[in-house]
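K.L.:
Next comes model-v3.cif, mmCIF, C-alpha atoms:
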data_final
loop_
_atom_site.label_atom_id
_atom_site.label_comp_id
_atom_site.auth_asym_id
_atom_site.auth_seq_id
_atom_site.Cartn_x
_atom_site.Cartn_y
_atom_site.Cartn_z
CA MET O 1 0.00 0.00 0.00
CA ALA O 2 2.82 2.42 0.85
CA PHE O 3 4.44 1.71 -2.53
CA CYS O 4 1.15 2.39 -4.33
CA GLY O 5 0.83 5.69 -2.47
CA LEU O 6 4.35 6.68 -3.49
CA VAL O 7 3.60 5.89 -7.15
CA ARG O 8 0.40 7.98 -7.03
CA THR O 9 2.29 10.86 -5.41
CA LEU O 10 5.07 10.84 -8.02
CA THR O 11 2.50 10.62 -10.81
CA GLY O 12 0.75 13.65 -9.34
CA MET O 13 4.06 15.55 -9.15
CA THR O 14 4.76 14.72 -12.80
CA ASP O 15 1.39 16.21 -13.72
CA LEU O 16 2.05 19.33 -11.61
CA ALA O 17 5.54 20.03 -12.97
CA PRO O 18 4.61 21.68 -16.31
CA LEU O 19 1.91 23.79 -14.62
CA LEU O 20 4.27 25.00 -11.90
CA GLU O 21 7.02 25.78 -14.42
CA ARG O 22 4.60 27.67 -16.64
CA GLN O 23 3.30 29.72 -13.71
CA PHE O 24 6.82 30.52 -12.50
CA LEU O 25 7.84 31.78 -15.94
CA ARG O 26 4.62 33.79 -16.18
CA HIS O 27 4.30 35.19 -12.64
CA GLY O 28 7.76 34.91 -11.08
CA ARG O 29 8.77 33.77 -7.62
CA GLU O 30 6.56 36.06 -5.54
CA THR O 31 3.02 35.59 -6.79
CA SER O 32 -0.16 37.62 -6.50
CA ILE O 33 -1.50 35.06 -4.00
CA LYS O 34 -0.28 36.17 -0.59
CA GLY O 35 2.14 33.68 0.92
CA LEU O 36 2.51 31.57 -2.24
CA LEU O 37 6.06 31.42 -3.58
CA LEU O 38 7.31 29.49 -6.62
CA ASN O 39 10.84 28.35 -7.28
CA ARG O 40 12.70 27.07 -10.33
CA ALA O 41 16.42 26.44 -10.81
CA GLU O 42 18.38 24.83 -13.63
CA GLY O 43 21.32 23.75 -11.48
CA PRO O 44 22.40 23.07 -7.89
CA SER O 45 22.74 26.18 -5.75
CA GLY O 46 25.13 27.42 -3.14
CA ILE O 47 23.99 27.82 0.45
CA ILE O 48 20.86 29.95 0.79
CA ARG O 49 20.38 31.39 4.28
CA SER O 50 16.88 32.47 5.21
CA VAL O 51 14.28 32.48 7.94
CA TYR O 52 11.43 30.10 7.21
CA GLY O 53 8.11 31.30 8.57
CA PRO O 54 5.33 28.82 9.44
CA SER O 55 4.90 27.25 6.03
CA PHE O 56 4.79 24.16 3.84
CA CYS O 57 7.25 23.60 0.99
CA LEU O 58 6.60 20.97 -1.66
CA VAL O 59 9.25 19.75 -4.11
CA VAL O 60 7.67 18.83 -7.43
CA GLN O 61 10.91 18.06 -9.27
CA GLY O 62 14.53 17.82 -8.12
CA ALA O 63 15.76 17.83 -4.51
CA LYS O 64 16.76 20.22 -1.74
CA LEU O 65 18.61 20.10 1.58
CA SER O 66 17.61 22.29 4.52
CA THR O 67 19.71 22.48 7.69
CA LEU O 68 18.69 23.70 11.12
CA GLY O 69 21.51 23.47 13.65
CA PRO O 70 22.88 19.91 13.57
CA ASP O 71 19.86 18.48 11.72
CA THR O 72 19.66 18.14 7.92
CA TYR O 73 16.46 17.43 6.00
CA ARG O 74 16.57 16.16 2.42
CA TYR O 75 13.35 16.26 0.44
CA ARG O 76 12.81 15.47 -3.21
CA ALA O 77 9.96 15.17 -5.72
CA GLY O 78 6.81 14.08 -3.92
CA GLU O 79 8.15 15.17 -0.51
CA GLY O 80 7.65 18.30 1.54
CA LEU O 81 8.92 20.26 4.52
CA ILE O 82 6.83 21.86 7.25
CA ALA O 83 8.20 24.75 9.32
CA SER O 84 6.18 25.04 12.53
CA VAL O 85 7.69 28.35 13.68
CA ASP O 86 10.00 31.06 12.35
CA VAL O 87 13.41 29.39 12.17
CA PRO O 88 16.80 30.27 10.60
CA VAL O 89 17.61 27.71 7.93
CA SER O 90 20.55 27.09 5.60
CA ALA O 91 19.40 25.39 2.41
CA ARG O 92 20.70 24.40 -0.99
CA ILE O 93 19.25 22.85 -4.12
CA VAL O 94 21.07 19.57 -4.75
CA ALA O 95 19.30 18.10 -7.80
CA ALA O 96 18.53 20.28 -10.82
CA SER O 97 19.50 20.54 -14.47
CA PRO O 98 18.35 22.42 -17.59
CA ALA O 99 16.61 19.25 -18.76
CA GLU O 100 14.93 18.64 -15.38
CA PRO O 101 14.95 21.90 -13.41
CA TYR O 102 14.26 22.04 -9.72
CA LEU O 103 10.59 22.99 -9.23
CA ALA O 104 9.00 23.74 -5.88
CA LEU O 105 6.38 25.86 -4.22
CA SER O 106 5.72 27.00 -0.69
CA PHE O 107 2.75 28.58 1.00
CA ALA O 108 2.34 30.21 4.38
CA LEU O 109 0.52 28.39 7.16
CA PRO O 110 -1.03 31.01 9.47
CA PRO O 111 -0.94 29.43 12.96
CA GLU O 112 -4.46 30.66 13.74
CA ASP O 113 -5.84 28.76 10.72
CA VAL O 114 -4.07 25.60 11.82
CA THR O 115 -5.32 26.02 15.39
CA ALA O 116 -8.92 26.30 14.21
CA LEU O 117 -8.73 23.12 12.11
CA VAL O 118 -6.84 21.19 14.81
CA ALA O 119 -9.68 22.00 17.20
CA GLU O 120 -12.30 21.09 14.61
CA ALA O 121 -10.61 17.77 13.88
CA GLU O 122 -9.98 17.15 17.60
CA ILE O 123 -6.33 16.34 16.89
CA ALA O 124 -4.04 16.34 19.91
CA PRO O 125 -0.24 16.27 19.50
CA ALA O 126 1.44 13.41 21.34
CA PRO O 127 2.20 14.85 24.80
CA ALA O 128 5.59 13.16 25.05
CA ALA O 129 6.77 14.09 21.56
CA PRO O 130 9.43 16.84 21.43
CA PHE O 131 8.56 19.96 19.48
CA ALA O 132 10.06 19.83 15.97
CA ALA O 133 10.61 23.17 14.26
CA LEU O 134 11.08 21.37 10.93
CA ALA O 135 9.72 18.07 9.63
CA ALA O 136 10.13 16.49 6.19
CA GLY O 137 8.45 13.54 4.56
CA ARG O 138 6.34 12.14 1.75
CA VAL O 139 3.14 14.00 0.94
CA ASP O 140 -0.24 12.41 0.47
CA PRO O 141 -1.44 12.09 -3.18
CA SER O 142 -4.64 13.92 -2.18
CA LEU O 143 -2.63 17.18 -1.97
CA CYS O 144 -1.95 17.27 -5.69
CA ASP O 145 -5.45 18.30 -6.75
CA PRO O 146 -5.85 21.34 -4.42
CA ILE O 147 -2.30 22.45 -5.24
CA ARG O 148 -3.15 22.31 -8.93
CA ARG O 149 -6.26 24.41 -8.29
CA LEU O 150 -4.23 26.89 -6.22
CA LEU O 151 -1.74 27.35 -9.07
CA GLU O 152 -4.57 27.78 -11.57
CA CYS O 153 -5.98 30.61 -9.44
CA LEU O 154 -2.99 32.71 -10.52
CA ASP O 155 -4.70 33.02 -13.90
CA GLN O 156 -8.13 33.68 -12.39
CA PRO O 157 -7.90 37.03 -10.56
CA ARG O 158 -11.70 37.30 -10.42
CA ASP O 159 -12.08 33.93 -8.71
CA ALA O 160 -8.96 33.96 -6.52
CA PRO O 161 -10.33 36.07 -3.59
CA VAL O 162 -13.14 33.54 -3.08
CA LEU O 163 -11.44 30.28 -4.02
CA VAL O 164 -7.97 30.71 -2.49
CA PRO O 165 -9.13 30.77 1.17
CA LEU O 166 -11.17 27.62 0.54
CA ILE O 167 -8.25 25.86 -1.13
CA ARG O 168 -5.87 26.89 1.68
CA ARG O 169 -8.27 25.44 4.23
CA GLU O 170 -8.45 22.20 2.25
CA LEU O 171 -4.66 22.02 2.01
CA VAL O 172 -4.23 22.47 5.76
CA TRP O 173 -6.93 19.87 6.40
CA ARG O 174 -5.29 17.34 4.10
CA LEU O 175 -1.85 18.03 5.57
CA LEU O 176 -3.22 17.39 9.06
CA HIS O 177 -4.32 13.95 7.89
CA SER O 178 -1.07 13.19 6.05
CA PRO O 179 2.24 11.69 7.21
CA LEU O 180 3.27 15.27 8.12
CA GLY O 181 0.13 15.87 10.17
CA ALA O 182 1.76 15.36 13.57
CA ALA O 183 4.32 18.09 12.84
CA LEU O 184 1.62 20.47 11.65
CA ALA O 185 -0.64 19.75 14.63
CA GLN O 186 2.08 21.15 16.91
CA MET O 187 1.20 24.60 15.61
CA GLY O 188 -2.32 24.18 16.97
CA ALA O 189 -1.16 23.57 20.54
CA ARG O 190 -1.27 27.14 21.85
CA ASP O 191 0.30 26.40 25.23
CA SER O 192 3.20 24.20 24.09
CA HIS O 193 6.70 25.56 24.62
CA GLY O 194 7.29 25.46 20.87
CA ALA O 195 4.18 27.49 20.11
CA ARG O 196 5.13 30.06 22.76
CA VAL O 197 8.60 30.40 21.28
CA GLY O 198 6.94 30.71 17.87
CA ARG O 199 5.00 33.76 19.04
CA ALA O 200 8.24 35.36 20.23
CA CYS O 201 9.94 34.57 16.90
CA ALA O 202 7.06 36.14 14.98
CA HIS O 203 7.32 39.25 17.17
CA ILE O 204 11.06 39.54 16.48
CA ARG O 205 10.48 39.26 12.72
CA ALA O 206 7.77 41.91 12.83
CA HIS O 207 9.91 44.32 14.90
CA TYR O 208 13.41 43.37 13.79
CA ALA O 209 14.64 46.98 13.51
CA GLN O 210 13.69 47.86 17.09
CA SER O 211 15.61 47.30 20.30
CA LEU O 212 14.07 44.24 21.94
CA ARG O 213 14.43 43.18 25.56
CA VAL O 214 14.61 39.50 26.37
CA GLN O 215 12.42 40.15 29.43
CA ASP O 216 9.65 41.44 27.18
CA LEU O 217 9.96 38.48 24.82
CA ALA O 218 9.83 36.06 27.76
CA ARG O 219 6.70 37.80 29.04
CA LEU O 220 5.14 37.51 25.56
CA ALA O 221 5.90 33.79 25.61
CA GLY O 222 4.56 33.40 29.15
CA MET O 223 7.87 32.07 30.50
CA SER O 224 10.53 33.05 32.95
CA VAL O 225 13.66 34.51 31.37
CA PRO O 226 15.82 31.38 32.02
CA SER O 227 13.10 29.07 30.72
CA PHE O 228 12.57 31.27 27.66
CA HIS O 229 16.29 31.28 26.85
CA ARG O 230 16.45 27.51 27.14
CA HIS O 231 13.39 26.76 25.01
CA PHE O 232 14.17 29.45 22.44
CA LYS O 233 17.59 27.96 21.76
CA ALA O 234 16.19 24.43 21.69
CA VAL O 235 13.71 25.40 18.93
CA THR O 236 15.79 27.86 16.87
CA THR O 237 19.37 26.72 17.71
CA MET O 238 20.31 30.33 18.59
CA THR O 239 19.68 33.03 21.18
CA PRO O 240 17.02 35.74 20.67
CA VAL O 241 19.77 38.32 20.01
CA GLN O 242 21.38 36.09 17.37
CA PHE O 243 17.98 35.41 15.80
CA GLN O 244 17.21 39.14 15.54
CA LYS O 245 20.62 39.81 13.99
CA LEU O 246 20.03 37.13 11.36
CA VAL O 247 16.59 38.53 10.49
CA ARG O 248 18.07 42.02 10.21
CA LEU O 249 20.90 40.92 7.92
CA GLN O 250 18.62 38.93 5.65
CA GLU O 251 16.36 41.96 5.32
CA ALA O 252 19.48 43.99 4.50
CA ARG O 253 20.36 41.57 1.71
CA ARG O 254 16.87 41.83 0.26
CA ARG O 255 17.14 45.64 0.27
CA LEU O 256 20.58 45.56 -1.32
CA MET O 257 19.16 43.43 -4.13
CA ARG O 258 16.97 46.44 -4.93
CA ALA O 259 20.13 48.60 -5.18
CA GLU O 260 19.42 50.59 -2.00
CA GLU O 261 22.41 52.53 -0.62
CA VAL O 262 24.47 50.54 1.90
CA ALA O 263 24.54 53.10 4.71
CA SER O 264 20.80 53.74 4.54
CA VAL O 265 20.13 49.99 4.60
CA GLY O 266 22.16 49.58 7.79
CA TYR O 267 20.25 52.32 9.57
CA ALA O 268 16.89 51.05 8.26
CA ILE O 269 17.37 47.59 9.77
CA GLY O 270 18.40 48.92 13.18
CA TYR O 271 22.20 49.31 13.09
CA GLU O 272 23.64 52.53 14.52
CA SER O 273 27.19 51.83 13.31
CA PRO O 274 27.87 51.39 9.56
CA SER O 275 31.16 49.61 10.34
CA GLN O 276 29.43 47.12 12.66
CA PHE O 277 26.78 46.49 10.02
CA SER O 278 29.47 45.82 7.41
CA ARG O 279 31.37 43.45 9.74
CA ASP O 280 28.27 41.46 10.68
CA TYR O 281 27.11 41.29 7.08
CA ARG O 282 30.47 40.04 5.83
CA ARG O 283 30.66 37.46 8.61
CA LEU O 284 27.30 35.99 7.55
CA PHE O 285 27.41 36.28 3.74
CA GLY O 286 31.17 36.20 3.03
CA ASN O 287 31.39 39.59 1.27
CA PRO O 288 30.87 43.23 2.33
CA PRO O 289 27.38 44.60 1.65
CA ALA O 290 28.13 46.63 -1.50
CA ARG O 291 30.02 43.81 -3.24
CA ASP O 292 27.51 41.15 -2.24
CA GLY O 293 24.57 43.30 -3.32
CA ALA O 294 26.09 43.87 -6.76
CA ALA O 295 26.80 40.16 -7.18
CA ILE O 296 23.34 38.95 -6.26
CA ARG O 297 21.59 41.62 -8.35
CA ALA O 298 23.38 40.12 -11.32
CA ARG O 299 22.15 36.60 -10.56
CA PHE O 300 18.83 36.62 -8.75
CA ALA O 301 15.39 38.21 -8.75
CA PRO O 302 14.53 40.19 -5.59
CA GLU O 303 13.44 38.20 -2.57
CA PRO O 304 9.99 38.87 -1.07
CA ALA O 305 9.77 41.25 1.86
CA LEU O 306 9.46 39.93 5.35
CA PRO O 307 5.78 39.44 6.26
#
Go ahead and render the structure in this file as structure tokens.
P.N.:
Amino acid sequence: MAFCGLVRTLTGMTDLAPLLERQFLRHGRETSIKGLLLNRAEGPSGIIRSVYGPSFCLVVQGAKLSTLGPDTYRYRAGEGLIASVDVPVSARIVAASPAEPYLALSFALPPEDVTALVAEAEIAPAPAAPFAALAAGRVDPSLCDPIRRLLECLDQPRDAPVLVPLIRRELVWRLLHSPLGAALAQMGARDSHGARVGRACAHIRAHYAQSLRVQDLARLAGMSVPSFHRHFKAVTTMTPVQFQKLVRLQEARRRLMRAEEVASVGYAIGYESPSQFSRDYRRLFGNPPARDGAAIRARFAPEPALP
């Protein structure tokens, strides 16, 4: 039975591939449907550092590696990755060619939507299971049809406002009842340590340019400061200060891709010292801001703004 399911999934991915490629070439990476991103690459990539928000990524063709701390997740055609909270990830495309390009899509999973469906389905995460910020695995064949309809909505601007919310709800429902359902159900447990850390991560992303106090973040998470530090690092593999710095620098890179002036970018993301901004940026990305910005403008389309 498992083999039959795998065959159906791969058949569904084969059917989705030309549609996804066509929509990428027509609409680009950041689509008109909020939270829906498309990706295509004709060769393996270098390391791509980013912060994954709560989301689901599906590989339709090719393969990708995503790394969080010491853990590496490989997912290929017919497999997906769920991010339960905002987490800093290093990723790279490992299987792609001009003849068979890497094709993938991702869509945001608003925690409140997941919570509502978890309650409706009366799904309870296993109490002894540790919180997993990332989880990868084979997708259920039933996902292929709503994903196809979601992609088709890009060409139906009149219908999209009505149909997209319904399709999103169906996708979350089917994911909850798939092999990745346990990982997704974690997002619906409001009082779990992981969900509390997730709220703090979302707050940092939304206010990355501001000075943030760990005491305030701990209060937002409903934890003591020592407990918050411990659980935050267990979920994200870094401290809140390190997490904020990473979010800031990734926003800086996105701005530099739009050819914004280096000094103004540093101030905009919360740095008071241009030299400190340049040092931190070079430490993370390997080149100073101006040189890196020029290089990536020559190779890539702009990344979407932080939500």
K.L.:
Measuring atom to atom with all atoms listed in the file, identify which of O:Arg40, O:Thr115, O:Val60, O:Phe228 is nearest to Pro98 in chain O.
P.N.:
O:Arg40
K.L.:
Would you list the contacts of Ala91 in chain O as a PyMOL selection string, taking every protein, DNA or RNA residue within 12 Å and counting only C-alpha atoms, but skipping same-chain residues closer than 6 positions in sequence?
P.N.:
chain O and resi 44-52+63-69+71-75+81
K.L.:
Could you check the closest approach to Val89 in chain O for each of O:Pro274, O:Pro157, O:Gly53, O:Pro110 and tell me which residue wins, using all atoms listed in the file?
P.N.:
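Comparing O:Pro274, O:Pro157, O:Gly53, O:Pro110 against Val89 in chain O, the winner is O:Gly53.
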K.L.:
With distances taken over only C-alpha atoms, which residue among O:Ala298, O:Leu19, O:Ala99, O:Ile82 lies nearest Ser178 in chain O?
P.N.:
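Among the listed residues, O:Ile82 lies closest to Ser178 in chain O.
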K.L.:
For the PyMOL selection byres ((chain O and resi 181) around 12), applied here, can you spell out every residue it catches as a VMD selection string?
P.N.:
chain O and resid 56 80 to 82 84 114 117 to 118 121 123 to 126 135 to 140 171 to 180 182 to 188
K.L.:
When you draw a straight line from CA of Leu37 in chain O to CA of Leu105 in chain O, how long is it in Å?
P.N.:
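Atom-to-atom, CA of Leu37 in chain O to CA of Leu105 in chain O, that is 5.6 Å.
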K.L.:
Measure the distance from CA of Arg205 in chain O to CA of Leu217 in chain O in Å and round it to one decimal.
P.N.:
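Rounded to one decimal, the two atoms are 12.1 Å apart.
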K.L.:
Rounded to one decimal, what separation in Å do you get between CA of Ala83 in chain O and CA of Leu134 in chain O?
P.N.:
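Taking CA of Ala83 in chain O as the start and CA of Leu134 in chain O as the end point, the length is 4.7 Å.
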K.L.:
With distances taken over all atoms listed in the file, which of O:Met13, O:Val85, O:Cys153, O:Ala95 is nearest to Ala108 in chain O?
P.N.:
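Ranked by minimum distance to Ala108 in chain O, first place goes to O:Val85.
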K.L.:
Hey, what's within 12 Å of Gly266 in chain O if we count all atoms listed in the file and toss same-chain stuff fewer than 4 positions away? As a list in words, please?
P.N.:
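Selected residues are Ala209, Lys245, Arg248, Leu249, Gln250, Glu251, Ala252, Arg253, Arg255, Leu256, Glu260, Glu261, Val262, Gly270, Tyr271, Glu272, Ser273, Pro274, Ser275, Gln276, Phe277, Ser278, Arg279, Asp280, Tyr281, Pro289 and Ala290 of chain O.
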K.L.:
Spell out the residues picked by the PyMOL selection byres ((chain O and resi 193-201) around 6) here, as an MDAnalysis selection string.
P.N.:
chainID O and resid 85:86 131 190 192 202:204 217 221 232
K.L.:
Please rebuild range 202-223 of chain O with N, CA and C atoms and give the result as a PDB file, keeping the file's coordinate frame.
P.N.:
ATOM      1  N   ALA O 202       7.877  35.309  15.872  1.00  0.00           N
ATOM      2  CA  ALA O 202       7.060  36.140  14.980  1.00  0.00           C
ATOM      3  C   ALA O 202       7.155  37.607  15.377  1.00  0.00           C
ATOM      4  N   HIS O 203       7.205  37.865  16.687  1.00  0.00           N
ATOM      5  CA  HIS O 203       7.320  39.250  17.170  1.00  0.00           C
ATOM      6  C   HIS O 203       8.668  39.837  16.761  1.00  0.00           C
ATOM      7  N   ILE O 204       9.734  39.056  16.874  1.00  0.00           N
ATOM      8  CA  ILE O 204      11.060  39.540  16.480  1.00  0.00           C
ATOM      9  C   ILE O 204      11.076  39.867  14.984  1.00  0.00           C
ATOM     10  N   ARG O 205      10.494  39.009  14.169  1.00  0.00           N
ATOM     11  CA  ARG O 205      10.480  39.260  12.720  1.00  0.00           C
ATOM     12  C   ARG O 205       9.686  40.522  12.380  1.00  0.00           C
ATOM     13  N   ALA O 206       8.612  40.747  13.117  1.00  0.00           N
ATOM     14  CA  ALA O 206       7.770  41.910  12.830  1.00  0.00           C
ATOM     15  C   ALA O 206       8.410  43.211  13.318  1.00  0.00           C
ATOM     16  N   HIS O 207       9.316  43.128  14.297  1.00  0.00           N
ATOM     17  CA  HIS O 207       9.910  44.320  14.900  1.00  0.00           C
ATOM     18  C   HIS O 207      11.435  44.236  14.893  1.00  0.00           C
ATOM     19  N   TYR O 208      11.981  43.665  13.829  1.00  0.00           N
ATOM     20  CA  TYR O 208      13.410  43.370  13.790  1.00  0.00           C
ATOM     21  C   TYR O 208      14.297  44.604  13.915  1.00  0.00           C
ATOM     22  N   ALA O 209      13.821  45.777  13.486  1.00  0.00           N
ATOM     23  CA  ALA O 209      14.640  46.980  13.510  1.00  0.00           C
ATOM     24  C   ALA O 209      14.640  47.677  14.870  1.00  0.00           C
ATOM     25  N   GLN O 210      13.811  47.230  15.786  1.00  0.00           N
ATOM     26  CA  GLN O 210      13.690  47.860  17.090  1.00  0.00           C
ATOM     27  C   GLN O 210      14.603  47.185  18.115  1.00  0.00           C
ATOM     28  N   SER O 211      14.901  47.913  19.181  1.00  0.00           N
ATOM     29  CA  SER O 211      15.610  47.300  20.300  1.00  0.00           C
ATOM     30  C   SER O 211      14.631  46.440  21.079  1.00  0.00           C
ATOM     31  N   LEU O 212      14.963  45.180  21.264  1.00  0.00           N
ATOM     32  CA  LEU O 212      14.070  44.240  21.940  1.00  0.00           C
ATOM     33  C   LEU O 212      14.717  43.753  23.226  1.00  0.00           C
ATOM     34  N   ARG O 213      13.933  43.695  24.280  1.00  0.00           N
ATOM     35  CA  ARG O 213      14.430  43.180  25.560  1.00  0.00           C
ATOM     36  C   ARG O 213      13.990  41.745  25.736  1.00  0.00           C
ATOM     37  N   VAL O 214      14.924  40.911  26.174  1.00  0.00           N
ATOM     38  CA  VAL O 214      14.610  39.500  26.370  1.00  0.00           C
ATOM     39  C   VAL O 214      13.500  39.346  27.409  1.00  0.00           C
ATOM     40  N   GLN O 215      13.480  40.228  28.408  1.00  0.00           N
ATOM     41  CA  GLN O 215      12.420  40.150  29.430  1.00  0.00           C
ATOM     42  C   GLN O 215      11.043  40.317  28.807  1.00  0.00           C
ATOM     43  N   ASP O 216      10.943  41.225  27.838  1.00  0.00           N
ATOM     44  CA  ASP O 216       9.650  41.440  27.180  1.00  0.00           C
ATOM     45  C   ASP O 216       9.263  40.246  26.316  1.00  0.00           C
ATOM     46  N   LEU O 217      10.246  39.658  25.637  1.00  0.00           N
ATOM     47  CA  LEU O 217       9.960  38.480  24.820  1.00  0.00           C
ATOM     48  C   LEU O 217       9.540  37.307  25.696  1.00  0.00           C
ATOM     49  N   ALA O 218      10.204  37.143  26.844  1.00  0.00           N
ATOM     50  CA  ALA O 218       9.830  36.060  27.760  1.00  0.00           C
ATOM     51  C   ALA O 218       8.418  36.264  28.278  1.00  0.00           C
ATOM     52  N   ARG O 219       8.064  37.506  28.563  1.00  0.00           N
ATOM     53  CA  ARG O 219       6.700  37.800  29.040  1.00  0.00           C
ATOM     54  C   ARG O 219       5.689  37.475  27.943  1.00  0.00           C
ATOM     55  N   LEU O 220       6.022  37.823  26.689  1.00  0.00           N
ATOM     56  CA  LEU O 220       5.140  37.510  25.560  1.00  0.00           C
ATOM     57  C   LEU O 220       4.933  36.004  25.442  1.00  0.00           C
ATOM     58  N   ALA O 221       5.978  35.244  25.707  1.00  0.00           N
ATOM     59  CA  ALA O 221       5.900  33.790  25.610  1.00  0.00           C
ATOM     60  C   ALA O 221       5.313  33.146  26.864  1.00  0.00           C
ATOM     61  N   GLY O 222       5.108  33.947  27.911  1.00  0.00           N
ATOM     62  CA  GLY O 222       4.560  33.400  29.150  1.00  0.00           C
ATOM     63  C   GLY O 222       5.545  32.513  29.883  1.00  0.00           C
ATOM     64  N   MET O 223       6.829  32.863  29.843  1.00  0.00           N
ATOM     65  CA  MET O 223       7.870  32.070  30.500  1.00  0.00           C
ATOM     66  C   MET O 223       8.756  32.957  31.348  1.00  0.00           C
TER      67      MET O 223
END
